[in-house]
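As structure tokens, the structure follows; a few thoughts come after it.
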Amino acid sequence: MPELPEVETYVRDLEPELSGRSVIGASVQWDRTIAAPSVGEFLARIAGQRFVDFDRRGKYMLLGMERDGNRGDTLIIHLRMTGEVHIYPLDEAIKMKDKHTHVVLILDDGRHMHYRDQRKFGRLWLVDDPAQVLARLGPEPLGEGFTVDGFAHSLAKRTAAIKGLLLNQSIVAGVGNIYADEALFLASIHPLRSGSSLKPAELDRLIESIRVVLMRGIEMKGSSLQNYIRLDGMKGNFQEEHKVFRRTGQPCITCGTLVERIVVTQRSTHFCPTCQVMK
DNA sequence: ACCGGAGCCTGTTAGC
DNA sequence: TGCTAACAGGCTCCGG
């Protein structure tokens with residue numbers, strides 16, 4: 001489940017592999033993977049562009065390119081649920097290409113970059129201005145723009161459960177199901193509390209908790225449950241530090257109460273009913 | 001504006 | 001054992 005730490009790990013791993021490399025050709029096996037432009041235009045435009053900038057916004061990877069020394073397009077990749085990116089030497093690429101490999105970029109050093117996605121939810125964009133794709137995203141949780149005042153404003157009058165609101169990318173960008181559950185546990189906030197019910201001290205605690213779990217997630221190179229693997233095929237390690245996520249029926253590490261699982265806004269949600277009270 | 005639910009996908013697991 | 005149904009959770013779209 002790639003969320004902010006997993007995507008950040010991908011961007012950091014991609015930079016040394018791709019920086020300065022040009023795309024000399026491409027193929028698309030599942031058209032819907034390309035969100036924009038059309039597949040034909042994507043193939044025509046990406047050839048001849050060179051990777052120069054590497055960034056992330058929320059769960060989007062931003063791979064900035066240039067053409068003939070001039071500013072080019074940005075290749076945006078969103079992994080959604082099961083997306084993976086791999087770079088292989090030619091002989092290995094031929095062996096590794098399978099029915100889940102939906103996009104192949106051929107690099108000028110002969111290696112192939114694969115976009116692979118079991119469930120086909122992930123998307124790629126090739127755009128001259130990333131802003132159009134990223135327009136609805138809220139602040140970066142690890143940046144200065146994520147403030148108590150702004151967070152309070154976003155949650156005011158919100159009757160929905162805080163768990164669901166944390167998954168809303170226009171409120172804060174990059175938090176997904178794993179890190180939402182872990183942050184709420186760390187902040188001792190019940191996932192069903194309404195957004196508007198949270199007091200300033202709780203918002204403060206929640207912001208800090210979101211930052212702590214995301215930073216630790218990045219340090220551990222992400223959480224590998226069933227699907228997420230890194231560029232080089234290695235797993236992340238943060239799953240070993242999960243306090244509540246997928247720990248249903250196991251004792252809370254703080255108080256020993258058994259961790260419960262409920263469904264909130266169509267998402268499985270894990271929490272300690274003793275440490276995270278409704279108040 | 002906000003909220004909840006359907007739909008997109010496929011592999012794995014639970015249950016009959 | 002073999003089948004089907006439920007589940008996994010990223011996001012967009014739609015109706016109320």
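Labeling convention for the structure tokens: chains A, B, ... as they appear, residues from 1 per chain, ligands from 1 in order of appearance.
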- Message: Taking 4 positions as the minimum chain separation for residues in the same chain, which residues sit within 10 Å of Gly64 in chain A when counting only C-alpha atoms (C1' of nucleotides)? Answer as a list in words.
- Response: Ser19, Gln49, Arg50, Phe51, Val52, Asp53, Phe54, Asp55, Arg71, Gly72, Asp73, Thr74, Leu75, Ile76, Leu126, Val127, Asp128 and Pro130 of chain A
Kindly export the residues of the current selection with C-alpha atoms, as a compact mmCIF listing (two decimals), in the first residue's frame.
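Output below, filename selection.txt:
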```
# COMPACT_ATOMS: atom_id res chain seq x y z
CA SER A 19 19.43 10.92 -13.19
CA GLN A 49 13.56 13.35 -22.90
CA ARG A 50 16.10 13.06 -20.09
CA PHE A 51 15.40 12.64 -16.37
CA VAL A 52 16.78 15.57 -14.38
CA ASP A 53 14.56 16.30 -11.34
CA PHE A 54 13.20 13.98 -8.68
CA ASP A 55 10.46 15.00 -6.31
CA ARG A 71 12.75 22.16 -19.81
CA GLY A 72 10.63 19.18 -20.79
CA ASP A 73 7.68 17.35 -19.32
CA THR A 74 7.16 15.81 -15.91
CA LEU A 75 6.49 12.09 -15.71
CA ILE A 76 4.09 11.64 -12.80
CA LEU A 126 3.22 13.05 -18.88
CA VAL A 127 2.46 16.73 -18.49
CA ASP A 128 4.22 20.04 -19.03
CA PRO A 130 2.25 19.02 -12.86
```
- chain C contacts on chain A, only C-alpha atoms (C1' of nucleotides), 8 Å, as number ranges by chain: A: 1, 79-81, 121, 177, 267
If you keep N, CA, C and O atoms, can you produce a file of those selected residues as a compact mmCIF listing (two decimals), in the first residue's frame?
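Result file follows (selection00.txt):
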```
# COMPACT_ATOMS: atom_id res chain seq x y z
N MET A 1 0.84 -1.19 0.00
CA MET A 1 0.00 0.00 0.00
C MET A 1 0.87 1.23 0.00
O MET A 1 1.13 1.80 1.04
N LEU A 79 1.29 5.07 -7.67
CA LEU A 79 1.29 3.61 -7.57
C LEU A 79 -0.04 3.04 -7.09
O LEU A 79 -0.27 1.83 -7.20
N ARG A 80 -0.90 3.92 -6.56
CA ARG A 80 -2.16 3.45 -5.95
C ARG A 80 -1.91 2.25 -5.05
O ARG A 80 -1.19 2.34 -4.11
N MET A 81 -2.53 1.09 -5.38
CA MET A 81 -2.47 -0.04 -4.45
C MET A 81 -1.27 -0.95 -4.67
O MET A 81 -0.62 -1.38 -3.73
N PHE A 121 -4.59 -0.23 -10.85
CA PHE A 121 -5.17 1.02 -10.35
C PHE A 121 -4.22 2.20 -10.55
O PHE A 121 -4.65 3.35 -10.59
N ASN A 177 -4.03 4.34 4.66
CA ASN A 177 -4.67 3.57 5.73
C ASN A 177 -3.72 3.16 6.85
O ASN A 177 -4.06 3.23 8.03
N ARG A 267 -12.97 1.48 4.93
CA ARG A 267 -11.57 1.09 5.15
C ARG A 267 -11.44 0.33 6.46
O ARG A 267 -12.01 0.75 7.48
```
- Note on the structure: Of A:Arg119, A:Gly217, A:Ile171, A:Thr9, the one nearest to DT10 in chain B when counting only C-alpha atoms (C1' of nucleotides) is A:Arg119
- Message: Please check the contacts: residues of chain B at most 8 Å away from chain A, using only C-alpha atoms (C1' of nucleotides), listed as a ChimeraX atom specification.
- Response: /B:2-4,8-10
Would you save the residues from that selection as a short mmCIF file (atom, residue, chain, number, x, y, z; two decimals), in the first residue's frame, using N, CA and C atoms (P, O5', C5', C4', C3', O3' and C1' of nucleotides)?
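The file below, result-v4.cif, is the result:
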```cif
data_model
loop_
_atom_site.label_atom_id
_atom_site.label_comp_id
_atom_site.auth_asym_id
_atom_site.auth_seq_id
_atom_site.Cartn_x
_atom_site.Cartn_y
_atom_site.Cartn_z
P DC B 2 -16.43 21.31 2.84
"O5'" DC B 2 -17.36 20.06 3.15
"C5'" DC B 2 -18.43 20.22 4.07
"C4'" DC B 2 -19.23 18.94 4.12
"C3'" DC B 2 -18.39 17.66 4.26
"O3'" DC B 2 -18.79 17.01 5.44
"C1'" DC B 2 -20.06 17.41 2.59
P DC B 3 -17.96 15.79 6.00
"O5'" DC B 3 -18.83 14.54 5.53
"C5'" DC B 3 -20.17 14.44 5.99
"C4'" DC B 3 -20.83 13.28 5.29
"C3'" DC B 3 -19.98 12.02 5.29
"O3'" DC B 3 -20.64 11.02 6.06
"C1'" DC B 3 -20.91 12.47 3.13
P DG B 4 -19.87 9.67 6.39
"O5'" DG B 4 -20.54 8.66 5.38
"C5'" DG B 4 -21.96 8.56 5.33
"C4'" DG B 4 -22.36 7.77 4.11
"C3'" DG B 4 -21.65 6.40 4.00
"O3'" DG B 4 -22.62 5.44 3.65
"C1'" DG B 4 -21.31 7.67 2.02
P DC B 8 -16.84 -1.17 -12.93
"O5'" DC B 8 -15.27 -0.95 -12.87
"C5'" DC B 8 -14.72 0.27 -13.38
"C4'" DC B 8 -13.36 0.45 -12.81
"C3'" DC B 8 -12.42 -0.75 -13.02
"O3'" DC B 8 -11.35 -0.33 -13.84
"C1'" DC B 8 -12.23 0.17 -10.84
P DC B 9 -10.81 -1.30 -14.98
"O5'" DC B 9 -9.78 -2.16 -14.12
"C5'" DC B 9 -9.94 -3.51 -13.99
"C4'" DC B 9 -8.97 -4.01 -12.95
"C3'" DC B 9 -8.95 -5.52 -12.85
"O3'" DC B 9 -7.88 -5.96 -13.68
"C1'" DC B 9 -8.89 -4.46 -10.69
P DT B 10 -7.86 -7.47 -14.17
"O5'" DT B 10 -7.18 -8.20 -12.93
"C5'" DT B 10 -5.86 -7.85 -12.58
"C4'" DT B 10 -5.51 -8.56 -11.29
"C3'" DT B 10 -5.71 -10.07 -11.34
"O3'" DT B 10 -4.57 -10.64 -10.73
"C1'" DT B 10 -6.78 -9.18 -9.45
#
```
- Message: Report, in Å to a single decimal, how far apart CA of Leu166 in chain A and C1' of DT12 in chain B are.
- Response: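 Separating C1' of DT12 in chain B from CA of Leu166 in chain A is a distance of 27.7 Å.
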- Query: Where does DSSP see strand (DSSP E) in range 74-265 of chain A, if you list the residues as a ChimeraX atom specification?
  - Reply: /A:74-78,83-88,101-107,112-117,123-127,260-264
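When CA of Leu107 in chain A is paired with CA of Pro2 in chain A, their separation reads 25.0 Å.
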- Item | alpha helix (DSSP H) call set, DSSP backbone run, range 52-259 of chain A, as an MDAnalysis selection string | chainID A and resid 90:96 131:134 148:155 162:166 177:186 200:219
